[in-house]
Every structure is written in C-alpha cells, then in structure tokens.
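Raw contents of entry.csv, CSV, C-alpha atoms:
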```csv
chain,number,residue,atom,x,y,z
A,1,GLU,CA,-33.8,99.2,134.5
A,2,HIS,CA,-37.4,98.4,133.6
A,3,VAL,CA,-40.4,96.9,135.4
A,4,LEU,CA,-43.3,95.0,134.0
A,5,VAL,CA,-46.6,96.2,135.3
A,6,ALA,CA,-49.3,93.6,134.7
A,7,ALA,CA,-53.0,94.0,135.7
A,8,GLU,CA,-54.6,90.6,135.9
A,9,GLY,CA,-58.0,90.1,137.4
A,10,ASN,CA,-58.2,91.9,140.7
A,11,ARG,CA,-54.4,92.0,141.2
A,12,VAL,CA,-51.6,94.2,139.9
A,13,HIS,CA,-48.2,92.5,139.5
A,14,LEU,CA,-44.8,94.4,139.4
A,15,SER,CA,-41.9,92.3,138.1
A,16,CYS,CA,-38.3,93.2,137.6
A,17,THR,CA,-35.0,91.2,137.2
A,18,ASP,CA,-31.3,91.5,137.0
A,19,TYR,CA,-31.0,88.0,135.5
A,20,GLU,CA,-29.8,86.7,138.9
A,21,THR,CA,-33.1,87.4,140.8
A,22,TYR,CA,-36.6,87.6,139.4
A,23,ALA,CA,-38.9,89.5,141.8
A,24,THR,CA,-42.6,89.8,141.5
A,25,LEU,CA,-44.6,92.0,143.9
A,26,SER,CA,-48.4,91.4,144.0
A,27,LEU,CA,-50.8,94.2,145.0
A,28,ALA,CA,-54.6,94.2,145.4
A,29,ARG,CA,-56.5,96.1,142.7
A,30,LYS,CA,-59.0,98.3,144.5
A,31,LYS,CA,-60.9,99.8,141.5
A,32,GLY,CA,-61.2,99.5,137.8
A,33,GLU,CA,-62.4,97.0,135.3
A,34,VAL,CA,-61.3,93.4,135.8
A,35,GLY,CA,-59.1,92.5,132.9
A,36,SER,CA,-55.6,91.9,131.7
A,37,GLU,CA,-53.3,94.8,130.7
A,38,LYS,CA,-49.5,94.9,130.5
A,39,VAL,CA,-46.9,97.6,130.1
A,40,CYS,CA,-43.1,97.8,130.6
A,41,VAL,CA,-41.8,101.1,131.8
A,42,SER,CA,-38.7,102.6,133.4
A,43,LEU,CA,-38.3,101.6,137.1
A,44,ARG,CA,-36.8,104.9,137.9
A,45,GLY,CA,-39.6,106.8,136.2
A,46,LEU,CA,-42.3,104.8,138.0
A,47,THR,CA,-40.6,105.3,141.3
A,48,GLU,CA,-40.4,109.1,140.9
A,49,ALA,CA,-44.0,109.2,139.9
A,50,MET,CA,-45.2,107.5,143.0
A,51,PRO,CA,-46.6,109.6,145.8
A,52,LYS,CA,-45.3,109.2,149.4
A,53,SER,CA,-48.8,108.3,150.6
A,54,GLY,CA,-52.3,107.8,149.3
A,55,ASP,CA,-53.8,105.6,146.6
A,56,VAL,CA,-52.4,105.8,143.1
A,57,SER,CA,-54.3,105.2,139.8
A,58,LEU,CA,-52.6,103.4,136.8
A,59,GLU,CA,-54.1,103.7,133.3
A,60,PHE,CA,-52.9,101.6,130.4
A,61,SER,CA,-53.1,102.6,126.8
A,62,GLY,CA,-51.7,101.4,123.5
A,63,ASP,CA,-50.4,98.0,122.4
A,64,GLY,CA,-46.9,96.7,122.6
A,65,GLU,CA,-44.9,99.9,123.5
A,66,GLY,CA,-47.8,101.3,125.5
A,67,VAL,CA,-48.2,104.2,127.9
A,68,CYS,CA,-48.8,104.0,131.6
A,69,THR,CA,-50.4,107.1,133.1
A,70,VAL,CA,-49.9,107.5,136.8
A,71,SER,CA,-52.4,109.7,138.7
A,72,ALA,CA,-51.4,110.7,142.2
A,73,PRO,CA,-53.4,112.5,144.9
A,74,GLY,CA,-53.4,116.3,144.4
A,75,GLY,CA,-54.0,116.1,140.7
A,76,MET,CA,-50.4,115.2,139.7
A,77,THR,CA,-50.3,113.1,136.6
A,78,SER,CA,-47.3,111.4,134.9
A,79,ALA,CA,-47.2,109.6,131.6
A,80,LEU,CA,-44.5,106.9,131.3
A,81,TYR,CA,-43.7,105.6,127.8
A,82,GLY,CA,-42.5,102.0,127.8
A,83,MET,CA,-40.8,99.4,125.8
A,84,ASP,CA,-42.6,96.5,124.2
A,85,TRP,CA,-43.7,94.4,127.2
A,86,GLN,CA,-43.2,91.2,125.1
A,87,ASP,CA,-39.4,91.9,125.2
A,88,PHE,CA,-39.5,91.6,129.0
A,89,PRO,CA,-38.1,88.2,130.1
A,90,VAL,CA,-40.9,86.0,131.4
A,91,LYS,CA,-40.3,83.5,134.2
A,92,PRO,CA,-42.1,80.2,133.3
A,93,SER,CA,-43.8,78.3,136.1
A,94,ARG,CA,-42.0,75.2,137.3
A,95,THR,CA,-43.1,72.0,139.0
A,96,ASP,CA,-39.7,70.2,139.6
A,97,VAL,CA,-39.6,70.9,143.3
A,98,CYS,CA,-36.8,69.0,145.1
A,99,ASP,CA,-37.0,70.5,148.6
A,100,THR,CA,-39.4,72.7,150.5
A,101,GLN,CA,-39.1,74.8,153.7
A,102,SER,CA,-41.4,77.0,155.7
A,103,CYS,CA,-40.3,79.4,158.4
A,104,ALA,CA,-40.9,82.7,160.1
A,105,PRO,CA,-39.4,85.7,158.3
A,106,ALA,CA,-36.9,86.4,161.1
A,107,ASP,CA,-35.6,82.8,160.9
A,108,LEU,CA,-34.2,83.6,157.5
A,109,LEU,CA,-33.6,87.4,157.7
A,110,LYS,CA,-31.3,87.3,160.8
A,111,PRO,CA,-28.8,84.7,159.4
A,112,LEU,CA,-28.7,86.6,156.0
A,113,LYS,CA,-28.0,89.9,157.6
A,114,ASP,CA,-25.3,88.4,159.8
A,115,VAL,CA,-23.3,86.8,156.9
A,116,ALA,CA,-24.1,89.2,154.0
A,117,PRO,CA,-21.2,91.7,154.7
A,118,MET,CA,-18.7,88.8,154.3
A,119,MET,CA,-19.7,87.9,150.8
A,120,SER,CA,-17.1,88.3,148.1
A,121,LYS,CA,-17.5,90.9,145.4
A,122,GLU,CA,-14.9,89.4,143.1
A,123,VAL,CA,-16.5,88.3,139.9
A,124,ALA,CA,-13.6,86.0,139.2
A,125,ARG,CA,-14.5,84.0,142.3
A,126,ASN,CA,-18.1,83.5,141.5
A,127,ASN,CA,-18.6,80.6,144.0
A,128,LEU,CA,-17.7,83.1,146.8
A,129,CYS,CA,-20.1,85.8,145.6
A,130,GLY,CA,-23.0,84.7,147.7
A,131,VAL,CA,-24.1,82.7,150.7
A,132,TYR,CA,-23.6,78.9,151.1
A,133,PHE,CA,-26.3,77.0,152.8
A,134,GLY,CA,-25.2,73.6,154.1
A,135,GLY,CA,-27.4,71.7,156.5
A,136,CYS,CA,-28.4,74.2,159.2
A,137,HIS,CA,-25.5,76.7,158.5
A,138,ALA,CA,-25.3,79.8,156.4
A,139,VAL,CA,-21.7,80.6,155.4
A,140,ALA,CA,-20.0,83.5,153.7
A,141,THR,CA,-16.4,84.3,153.0
A,142,ASP,CA,-14.4,86.8,150.8
A,143,GLY,CA,-11.1,84.9,151.3
A,144,HIS,CA,-9.9,87.2,154.2
A,145,ARG,CA,-12.6,86.3,156.7
A,146,LEU,CA,-15.3,83.7,157.1
A,147,VAL,CA,-18.6,83.6,159.1
A,148,ALA,CA,-20.7,80.5,159.9
A,149,ARG,CA,-24.2,81.1,161.2
A,150,THR,CA,-26.5,78.4,162.7
A,151,MET,CA,-30.1,78.6,161.3
A,152,GLN,CA,-33.5,77.4,162.4
A,153,ILE,CA,-34.0,75.8,159.0
A,154,GLY,CA,-31.9,73.5,156.9
A,155,PHE,CA,-31.8,72.3,153.3
A,156,ASN,CA,-31.5,68.6,152.3
A,157,GLU,CA,-28.6,69.4,149.9
A,158,PRO,CA,-26.0,72.3,150.0
A,159,LEU,CA,-26.5,75.3,147.6
A,160,ILE,CA,-25.0,78.7,147.0
A,161,LEU,CA,-27.3,81.7,146.6
A,162,HIS,CA,-26.0,84.7,144.6
A,163,ARG,CA,-25.2,87.9,146.5
A,164,SER,CA,-27.9,89.9,144.5
A,165,CYS,CA,-30.5,87.4,145.7
A,166,VAL,CA,-29.3,87.7,149.3
A,167,LEU,CA,-29.5,91.5,149.2
A,168,ALA,CA,-33.0,91.4,147.6
A,169,LEU,CA,-34.2,89.0,150.3
A,170,ILE,CA,-32.8,91.3,153.1
A,171,GLU,CA,-34.9,94.1,151.6
A,172,ALA,CA,-38.1,92.1,151.1
A,173,LEU,CA,-38.3,89.9,154.2
A,174,PRO,CA,-39.0,92.7,156.7
A,175,LEU,CA,-42.3,93.4,154.7
A,176,ALA,CA,-43.6,89.9,155.2
A,177,GLN,CA,-47.1,89.6,156.7
A,178,GLY,CA,-46.8,86.0,157.6
A,179,LYS,CA,-44.7,82.9,157.0
A,180,VAL,CA,-42.1,82.4,154.3
A,181,ASP,CA,-42.3,79.4,151.9
A,182,ILE,CA,-39.1,78.2,150.2
A,183,GLU,CA,-38.9,75.8,147.2
A,184,VAL,CA,-35.7,74.4,145.7
A,185,MET,CA,-36.1,73.7,142.0
A,186,GLY,CA,-34.2,71.3,139.8
A,187,LYS,CA,-32.9,67.8,140.1
A,188,PRO,CA,-31.2,66.3,143.1
A,189,ARG,CA,-27.6,67.6,143.3
A,190,TYR,CA,-28.3,69.8,140.2
A,191,PHE,CA,-30.4,72.7,141.7
A,192,ASP,CA,-30.7,75.8,139.6
A,193,GLU,CA,-33.3,78.0,141.3
A,194,LEU,CA,-34.6,78.9,144.7
A,195,ILE,CA,-38.2,80.3,144.9
A,196,VAL,CA,-39.1,82.3,148.0
A,197,ARG,CA,-42.8,83.1,148.5
A,198,ILE,CA,-43.2,85.9,151.1
A,199,SER,CA,-46.7,86.3,152.5
A,200,GLY,CA,-48.2,89.7,151.7
A,201,VAL,CA,-45.3,90.7,149.5
A,202,GLY,CA,-44.8,88.4,146.5
A,203,LYS,CA,-42.3,86.0,145.1
A,204,LEU,CA,-38.5,86.0,144.5
A,205,SER,CA,-36.9,83.6,142.1
A,206,CYS,CA,-33.2,83.3,142.8
A,207,ARG,CA,-30.5,81.7,140.7
A,208,ILE,CA,-28.4,79.1,142.4
A,209,ILE,CA,-24.7,79.2,141.7
A,210,ASP,CA,-23.7,75.9,140.0
A,211,GLU,CA,-20.1,75.7,141.4
A,212,GLU,CA,-18.3,74.0,144.3
A,213,TYR,CA,-18.0,75.8,147.5
A,214,PRO,CA,-14.7,75.6,149.5
A,215,ASP,CA,-14.5,73.2,152.4
A,216,TRP,CA,-15.2,75.9,155.0
A,217,GLU,CA,-15.2,73.6,158.0
A,218,SER,CA,-11.5,72.7,157.3
A,219,VAL,CA,-10.4,76.3,157.7
A,220,LEU,CA,-12.4,76.8,160.9
A,221,PRO,CA,-9.9,76.8,163.8
A,222,ASP,CA,-10.8,74.8,166.9
A,223,GLY,CA,-11.4,76.4,170.3
A,224,GLU,CA,-8.1,75.2,171.8
A,225,GLY,CA,-5.8,78.1,171.1
A,226,ASN,CA,-4.7,80.8,173.5
A,227,PHE,CA,-7.9,82.2,174.9
A,228,LEU,CA,-8.8,85.8,175.4
A,229,ARG,CA,-12.2,87.0,176.7
A,230,LEU,CA,-12.8,90.3,175.1
A,231,GLY,CA,-15.9,91.2,177.1
A,232,ASP,CA,-19.3,92.7,176.4
A,233,ALA,CA,-20.3,92.8,172.7
A,234,LYS,CA,-21.7,96.4,172.9
A,235,GLN,CA,-18.7,97.8,174.8
A,236,LEU,CA,-16.3,96.1,172.3
A,237,LEU,CA,-18.3,97.5,169.4
A,238,ASP,CA,-18.2,101.0,170.8
A,239,ALA,CA,-14.4,100.7,171.3
A,240,LEU,CA,-13.9,99.6,167.7
A,241,LYS,CA,-15.9,102.6,166.5
A,242,THR,CA,-14.1,105.0,168.8
A,243,LEU,CA,-10.7,103.9,167.5
A,244,LYS,CA,-11.7,104.2,163.8
A,245,PRO,CA,-10.3,107.7,163.2
A,246,MET,CA,-7.0,106.7,164.9
A,247,CYS,CA,-6.3,103.7,162.8
A,248,ASP,CA,-3.5,103.6,160.2
A,249,LYS,CA,-4.8,101.6,157.2
A,250,ASP,CA,-7.8,100.5,159.2
A,251,THR,CA,-5.6,98.3,161.3
A,252,LEU,CA,-5.9,97.5,165.0
A,253,ALA,CA,-4.2,95.1,167.4
A,254,ILE,CA,-5.0,93.2,170.5
A,255,CYS,CA,-1.9,93.5,172.6
A,256,ALA,CA,-1.0,91.4,175.6
A,257,ASP,CA,1.7,93.2,177.6
A,258,PRO,CA,2.7,93.5,181.2
A,259,SER,CA,0.5,96.6,181.6
A,260,GLY,CA,-2.6,94.6,180.7
A,261,ARG,CA,-4.6,93.5,177.6
A,262,LYS,CA,-5.4,96.4,175.3
A,263,LEU,CA,-7.2,97.1,172.1
A,264,SER,CA,-4.7,99.5,170.4
A,265,ALA,CA,-4.4,101.6,167.3
A,266,VAL,CA,-1.4,103.4,165.8
A,267,LYS,CA,-1.8,106.7,163.9
A,268,GLY,CA,0.0,107.3,160.6
A,269,ASP,CA,2.5,109.5,162.4
A,270,GLY,CA,3.6,106.7,164.7
A,271,THR,CA,1.9,108.1,167.9
A,272,LEU,CA,-0.1,105.7,170.0
A,273,ALA,CA,-3.8,105.7,170.6
A,274,SER,CA,-5.0,102.9,172.8
A,275,MET,CA,-8.0,101.9,174.8
A,276,GLY,CA,-7.6,99.7,177.8
A,277,TYR,CA,-9.9,96.6,177.8
A,278,ALA,CA,-10.6,94.2,180.6
A,279,ALA,CA,-9.6,90.6,179.8
A,280,LEU,CA,-10.8,87.7,182.0
A,281,ASN,CA,-9.3,84.2,182.1
A,282,SER,CA,-6.7,85.2,179.6
A,283,ASP,CA,-3.6,83.0,178.9
A,284,VAL,CA,-2.2,85.0,176.0
A,285,PRO,CA,1.6,85.1,176.4
A,286,GLU,CA,3.0,88.5,177.5
A,287,GLY,CA,4.1,90.4,174.5
A,288,ALA,CA,1.8,88.6,172.0
A,289,THR,CA,0.1,90.8,169.5
A,290,MET,CA,-2.7,90.0,167.1
A,291,VAL,CA,-3.0,92.5,164.3
A,292,PHE,CA,-6.2,92.6,162.3
A,293,ASN,CA,-8.5,94.7,160.1
A,294,ARG,CA,-10.7,96.9,162.3
A,295,THR,CA,-13.7,96.9,159.9
A,296,PHE,CA,-13.7,93.1,159.8
A,297,MET,CA,-13.7,92.9,163.5
A,298,GLU,CA,-16.5,95.5,163.8
A,299,GLN,CA,-18.7,93.7,161.4
A,300,ALA,CA,-18.1,90.4,163.2
A,301,VAL,CA,-18.9,91.9,166.7
A,302,ALA,CA,-22.1,93.5,165.3
A,303,THR,CA,-23.6,90.0,164.7
A,304,PHE,CA,-23.6,89.3,168.4
A,305,ASN,CA,-26.4,90.4,170.8
A,306,PRO,CA,-25.7,93.3,173.1
A,307,GLY,CA,-24.7,91.8,176.5
A,308,ASP,CA,-23.1,88.7,174.9
A,309,THR,CA,-19.6,87.9,176.0
A,310,VAL,CA,-17.2,87.9,173.0
A,311,SER,CA,-14.2,85.6,173.1
A,312,ALA,CA,-11.2,85.2,170.8
A,313,TYR,CA,-8.9,82.2,170.3
A,314,PHE,CA,-5.3,82.9,169.0
A,315,HIS,CA,-3.5,80.1,167.3
A,316,GLY,CA,0.0,81.5,166.9
A,317,GLU,CA,1.5,84.2,164.7
A,318,GLY,CA,0.1,84.3,161.1
A,319,ALA,CA,-2.7,81.9,162.0
A,320,PRO,CA,-6.4,82.8,161.8
A,321,MET,CA,-8.2,84.1,164.8
A,322,LEU,CA,-11.6,82.5,165.9
A,323,VAL,CA,-14.1,85.0,167.3
A,324,VAL,CA,-17.2,83.5,169.0
A,325,GLY,CA,-20.1,84.7,171.2
A,326,GLU,CA,-22.3,83.0,173.8
A,327,GLY,CA,-24.0,79.9,172.5
A,328,ASP,CA,-21.6,79.4,169.6
A,329,THR,CA,-24.4,80.4,167.2
A,330,VAL,CA,-22.1,82.6,165.1
A,331,ARG,CA,-18.4,81.8,164.5
A,332,HIS,CA,-16.1,84.2,162.8
A,333,VAL,CA,-12.6,83.5,161.3
A,334,ILE,CA,-10.5,86.6,160.7
A,335,MET,CA,-7.1,86.3,159.0
A,336,PRO,CA,-4.3,88.4,160.5
A,337,MET,CA,-2.8,91.4,158.7
A,338,GLU,CA,0.4,90.2,157.2
A,339,GLY,CA,3.3,92.5,156.3
A,340,TYR,CA,2.2,95.1,158.8
A,341,ASP,CA,5.1,96.0,161.2
A,342,TRP,CA,3.3,96.7,164.5
A,343,PRO,CA,5.4,98.5,167.0
A,344,GLU,CA,6.5,96.6,170.1
A,345,PRO,CA,4.9,97.7,173.4
A,346,ALA,CA,8.2,99.1,174.6
A,347,SER,CA,8.6,101.3,171.5
A,348,LEU,CA,5.1,102.5,171.8
A,349,GLU,CA,5.7,103.6,175.4
A,350,GLU,CA,8.9,105.4,174.4
A,351,SER,CA,7.1,107.2,171.5
A,352,ARG,CA,4.3,108.2,173.9
A,353,GLU,CA,6.9,109.6,176.4
A,354,ILE,CA,8.6,111.5,173.7
A,355,SER,CA,5.4,113.0,172.3
A,356,GLU,CA,4.2,113.9,175.8
A,357,ALA,CA,7.4,115.5,176.9
A,358,PRO,CA,7.1,119.3,177.4
A,359,PRO,CA,9.2,121.5,175.1
A,360,GLU,CA,12.4,122.8,176.5
A,361,ASP,CA,12.4,126.4,177.8
A,362,THR,CA,15.0,128.4,175.9
A,363,SER,CA,13.9,131.8,176.9
A,364,SER,CA,16.6,132.3,179.6
A,365,GLU,CA,19.5,131.1,177.4
A,366,GLU,CA,22.1,133.6,176.5
A,367,VAL,CA,22.9,134.2,172.9
A,368,CYS,CA,26.5,135.1,172.0
A,369,LEU,CA,27.0,137.1,168.8
A,370,ASN,CA,30.8,137.2,168.9
```

Re-express the file's structure as structure tokens.
Amino acid sequence: EHVLVAAEGNRVHLSCTDYETYATLSLARKKGEVGSEKVCVSLRGLTEAMPKSGDVSLEFSGDGEGVCTVSAPGGMTSALYGMDWQDFPVKPSRTDVCDTQSCAPADLLKPLKDVAPMMSKEVARNNLCGVYFGGCHAVATDGHRLVARTMQIGFNEPLILHRSCVLALIEALPLAQGKVDIEVMGKPRYFDELIVRISGVGKLSCRIIDEEYPDWESVLPDGEGNFLRLGDAKQLLDALKTLKPMCDKDTLAICADPSGRKLSAVKGDGTLASMGYAALNSDVPEGATMVFNRTFMEQAVATFNPGDTVSAYFHGEGAPMLVVGEGDTVRHVIMPMEGYDWPEPASLEESREISEAPPEDTSSEEVCLN
C-alpha cells in the first residue's frame, strides 16, 4: 500500500511492489536542486493528491519517516506522512542474464490480453496462476478451459509468469514510447526473475513461478473431429452477448437438429430462447448438442479479429471442444458442462408450443349451481 518516491539527480523514481512484481516508474525532474531525497508514503494518499492535469511539485522534509508535500496547480497543497523509507524492500541490481528479447509493445501486449482471462485464481494451484511461455506460445488455463496464443517472440527456455505480473504488464505496455526489452534472470533451467524495461515508462521486475506446468499440448484436441463453422467472429460475439440474460447458470448449447444449427439458451423456467445461426460445411450429426459455459465462449471469441471465421471441432460427448479462428494463431479448448440436463430439441419445441398457445376462452361457458 506504499510507494517509494526517490529523487535522484534529474529523475524522480516511483517504486511499489506486491512481492510478486516490483515496478519502478521513472519521470524527468523539471525543476529543483539536483540531489538525492527519498520518502515512503501511502500510494492511495499520493494518488488522491495528484491533479488531473498540470505540473506537480514534490517537497521532501525530515529524515527516515519524512513528509512529502504535494503542491498542485490552483494552490492546493497536501502533506503526506510516510513510513521509514529504509523499511521499503529494495530490489538489488542483477547481472546474471540468461536470455534477452526485444520487441514492439504490441507484440507482447496482444498475446497477454488474449490469454489473461483464462489464468487460474486458485492459490492451491500456483503453477496455473499465471501465463506459461514455451517457445513462441503463450498459454493459460484454469482447468476448465485453455488458450494457446502464438507470439512474435520466443524464449529459449519455458517459464511461468505470475498473474499479478501479467496484469501489471497489460496496464504498463500501452504507455510505452518505444521498444520493450526483456531480460530473463537466473541460471539455465532455474530462472527466478523476468525484467521488462518499457521505453518511456520504467522497469518491471516479475517473479517467475518455480513449478512445473502441465503438458498443455497433450490436452489440445486435434482438428479431425466433427466440424462446425460458426461464422463471423463479431456476429457470434453479438449473439453470445444477446443470449446472456436468457441463460440458466450461464449455460448455452450449440444444437444440431433437423431445423438447422442453432446457438440456444434455456431460461430457468424451462422456456426456450434461441438464435438461429448459419453453419457452413457442417457434419455434426443431427441431434448432437454441445453444452458449454457462455462466458468461456464469449471470452474465447473476443480474442479473434472481427471478420474472422470461427470454427469449432466436436470430439464426442464429454470431450473438449476446440475453437479456432483464421490462421490458427489462437486456439481455445473449452470443456463441456457436465451434469447439465439439456432438453432434447423435440421437448424444446413442445415447450414452446405450450407456452405460445393462447389461453382458452371460458367466457361463454355455462355455470351450473345446482
């Protein structure tokens, strides 16, 4: 909850850490004496004291538990009392570089944004709480779905980056004013830190998870199952969002029945809400139904470019479904919803006919009191 503010020479450095990621933002010092001053203050307090625009003046006073006075345009002044800056954890400089990469910000940002929603949040499964980098692939899974994304860069050895580091990079990379330099620190096969230097922003030191990642390629289905072309990515995404309020337990189904292939949802009261969807070159057997989590499918489709054709491969009841786009740059594996009793197409039609039947007119019936 604290940030270390350090004025060194003609630069001002802001550092904070959650013990997984150590971030340092470097700013040019426009005015003031060239010297070295440090103070550790509340991150929330410093954020609230900052104006929305204009230059800000920082004045340091006191030793150890000092005071940082923030002067903003308009005469507003805030005094922030800090903790002893010597208690703030200091990240030592390292020279044991094992691997280096240099890329454009978008080459790293796009893969991270595509796979981040699939990272696990279970602390007990620490090796899944992040993104796995293996060769030219970025991979993430929470045990219910998996995404593999091809990248423009590749590391010499596989590594796992903690989820807090991934989220911090997603926030920092759009601010880059030039290329991004990446350094993997440690010994071969025993990496423990990833340093990302972002031009015009600063440096992020990220902890590498020292655990084995599951063999993700072994759970990736091949593209030889029953094939269903779902259509344009944007249209499919709009359909998934439209059906959201109609879903029972956020569950949808792709139904193949004699009336055509449909993306369907069932409300909690058992009534049917469906949206017809064109399917080209489909060989899904009639009556086959693939039940899946709507949010999982929406997050998967969102990784494809608008206009891309999205396709799905079915591998039998209870087997995972492979969802791919054009170019095979992103591949998603979505596990089916088990234990969910999806109504048969016939029963759905019957329930619709019953619900749509007009009420009987009893106004002309005679009532006998005797």

What gap, in Å, lies between atom CA of Val291 of chain A and atom CA of Gly231 of chain A? 18.2 Å

Would you work out the distance separating atom CA of Pro306 of chain A from atom CA of Ser264 of chain A, expressed in Å to one decimal? 22.1 Å

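Across the model, the gap from atom CA of Tyr22 of chain A to atom CA of Cys165 of chain A is 8.8 Å.
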
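Those residues positioned at most 6 Å from (-42.3, 81.3, 150.7) are Val180, Asp181, Ile182, Val196, Arg197 and Ile198 of chain A, judged using only C-alpha atoms.
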
Applying 10 Å and all atoms listed in the file, which residues near Gly318 of chain A remain after dropping the ones on its own chain fewer than 6 positions away? List them as an mmCIF file with C-alpha atoms, keeping the file's coordinate frame.
```cif
data_model
loop_
_atom_site.group_PDB
_atom_site.id
_atom_site.type_symbol
_atom_site.label_atom_id
_atom_site.label_comp_id
_atom_site.auth_asym_id
_atom_site.auth_seq_id
_atom_site.Cartn_x
_atom_site.Cartn_y
_atom_site.Cartn_z
ATOM 1 C CA MET A 290 -2.700 90.000 167.100
ATOM 2 C CA VAL A 291 -3.000 92.500 164.300
ATOM 3 C CA MET A 335 -7.100 86.300 159.000
ATOM 4 C CA PRO A 336 -4.300 88.400 160.500
ATOM 5 C CA MET A 337 -2.800 91.400 158.700
ATOM 6 C CA GLU A 338 0.400 90.200 157.200
#
```

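Distance annotation: of A:Leu43, A:Ala239, A:Ala23, A:Val56, the residue with the minimal separation from Leu263 of chain A is A:Ala239; atom set is only C-alpha atoms.
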
For Leu230 of chain A, which of A:Val266, A:Val324, A:Leu4, A:Leu175 is the closest residue, counting all atoms listed in the file? A:Val324

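Among the candidates A:Asn126, A:Ser57, A:Thr150, A:Asn293, the one nearest to Glu212 of chain A when counting only C-alpha atoms is A:Asn126.
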
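Residues of protein, DNA and RNA with at least one atom no farther than 10 Å from (-26.8, 87.8, 154.0) are, using all atoms listed in the file, Leu108, Leu109, Lys110, Pro111, Leu112, Lys113, Asp114, Val115, Ala116, Pro117, Met118, Met119, Gly130, Val131, Tyr132, Ala138, Val139, Ala140, Leu161, His162, Arg163, Ser164, Cys165, Val166, Leu167, Ala168, Leu169 and Ile170 of chain A.
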
What's around Leu194 of chain A at 10 Å? Count all atoms listed in the file, leave out sequence neighbours fewer than 5 positions away in its own chain, and write the answer as an mmCIF file with C-alpha atoms, keeping the file's coordinate frame.
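Final output, saved to result23.cif:
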```cif
data_model
loop_
_atom_site.group_PDB
_atom_site.id
_atom_site.type_symbol
_atom_site.label_atom_id
_atom_site.label_comp_id
_atom_site.auth_asym_id
_atom_site.auth_seq_id
_atom_site.Cartn_x
_atom_site.Cartn_y
_atom_site.Cartn_z
ATOM 1 C CA THR A 21 -33.100 87.400 140.800
ATOM 2 C CA VAL A 97 -39.600 70.900 143.300
ATOM 3 C CA ASP A 99 -37.000 70.500 148.600
ATOM 4 C CA THR A 100 -39.400 72.700 150.500
ATOM 5 C CA LEU A 159 -26.500 75.300 147.600
ATOM 6 C CA ILE A 160 -25.000 78.700 147.000
ATOM 7 C CA LEU A 161 -27.300 81.700 146.600
ATOM 8 C CA CYS A 165 -30.500 87.400 145.700
ATOM 9 C CA ILE A 182 -39.100 78.200 150.200
ATOM 10 C CA GLU A 183 -38.900 75.800 147.200
ATOM 11 C CA VAL A 184 -35.700 74.400 145.700
ATOM 12 C CA MET A 185 -36.100 73.700 142.000
ATOM 13 C CA GLY A 186 -34.200 71.300 139.800
ATOM 14 C CA LEU A 204 -38.500 86.000 144.500
ATOM 15 C CA SER A 205 -36.900 83.600 142.100
ATOM 16 C CA CYS A 206 -33.200 83.300 142.800
ATOM 17 C CA ARG A 207 -30.500 81.700 140.700
ATOM 18 C CA ILE A 208 -28.400 79.100 142.400
#
```

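Using all atoms listed in the file, the shortest contact distance between Asp142 of chain A and any of A:Val301, A:Ala273, A:Ala312, A:Val123 is found at A:Val123.
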
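Of the listed residues (A:Ala176, A:Leu236, A:Val41, A:Ala148), A:Ala176 comes nearest to Gly200 of chain A; the distances count all atoms listed in the file.
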
Which neighbours of Ser311 of chain A fall inside 9 Å, counting only C-alpha atoms, when residues of the same chain fewer than 3 positions from it are skipped, and could you give them as a CSV table (one decimal) with C-alpha atoms, keeping the file's coordinate frame?
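Once everything was written out, this is out.csv:
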```
chain,number,residue,atom,x,y,z
A,227,PHE,CA,-7.9,82.2,174.9
A,228,LEU,CA,-8.8,85.8,175.4
A,229,ARG,CA,-12.2,87.0,176.7
A,230,LEU,CA,-12.8,90.3,175.1
A,231,GLY,CA,-15.9,91.2,177.1
A,322,LEU,CA,-11.6,82.5,165.9
A,323,VAL,CA,-14.1,85.0,167.3
A,324,VAL,CA,-17.2,83.5,169.0
A,325,GLY,CA,-20.1,84.7,171.2
A,326,GLU,CA,-22.3,83.0,173.8
```

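Take the candidates A:Lys241, A:Lys187, A:Lys262, A:Arg145 and check each one against Ala302 of chain A using all atoms listed in the file; the shortest distance goes to A:Lys241.
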
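Residues in contact with Met297 of chain A at up to 8 Å, not including ones fewer than 5 positions away on its chain and judged by only C-alpha atoms, are A:Leu240, A:Phe292, A:Ile334.
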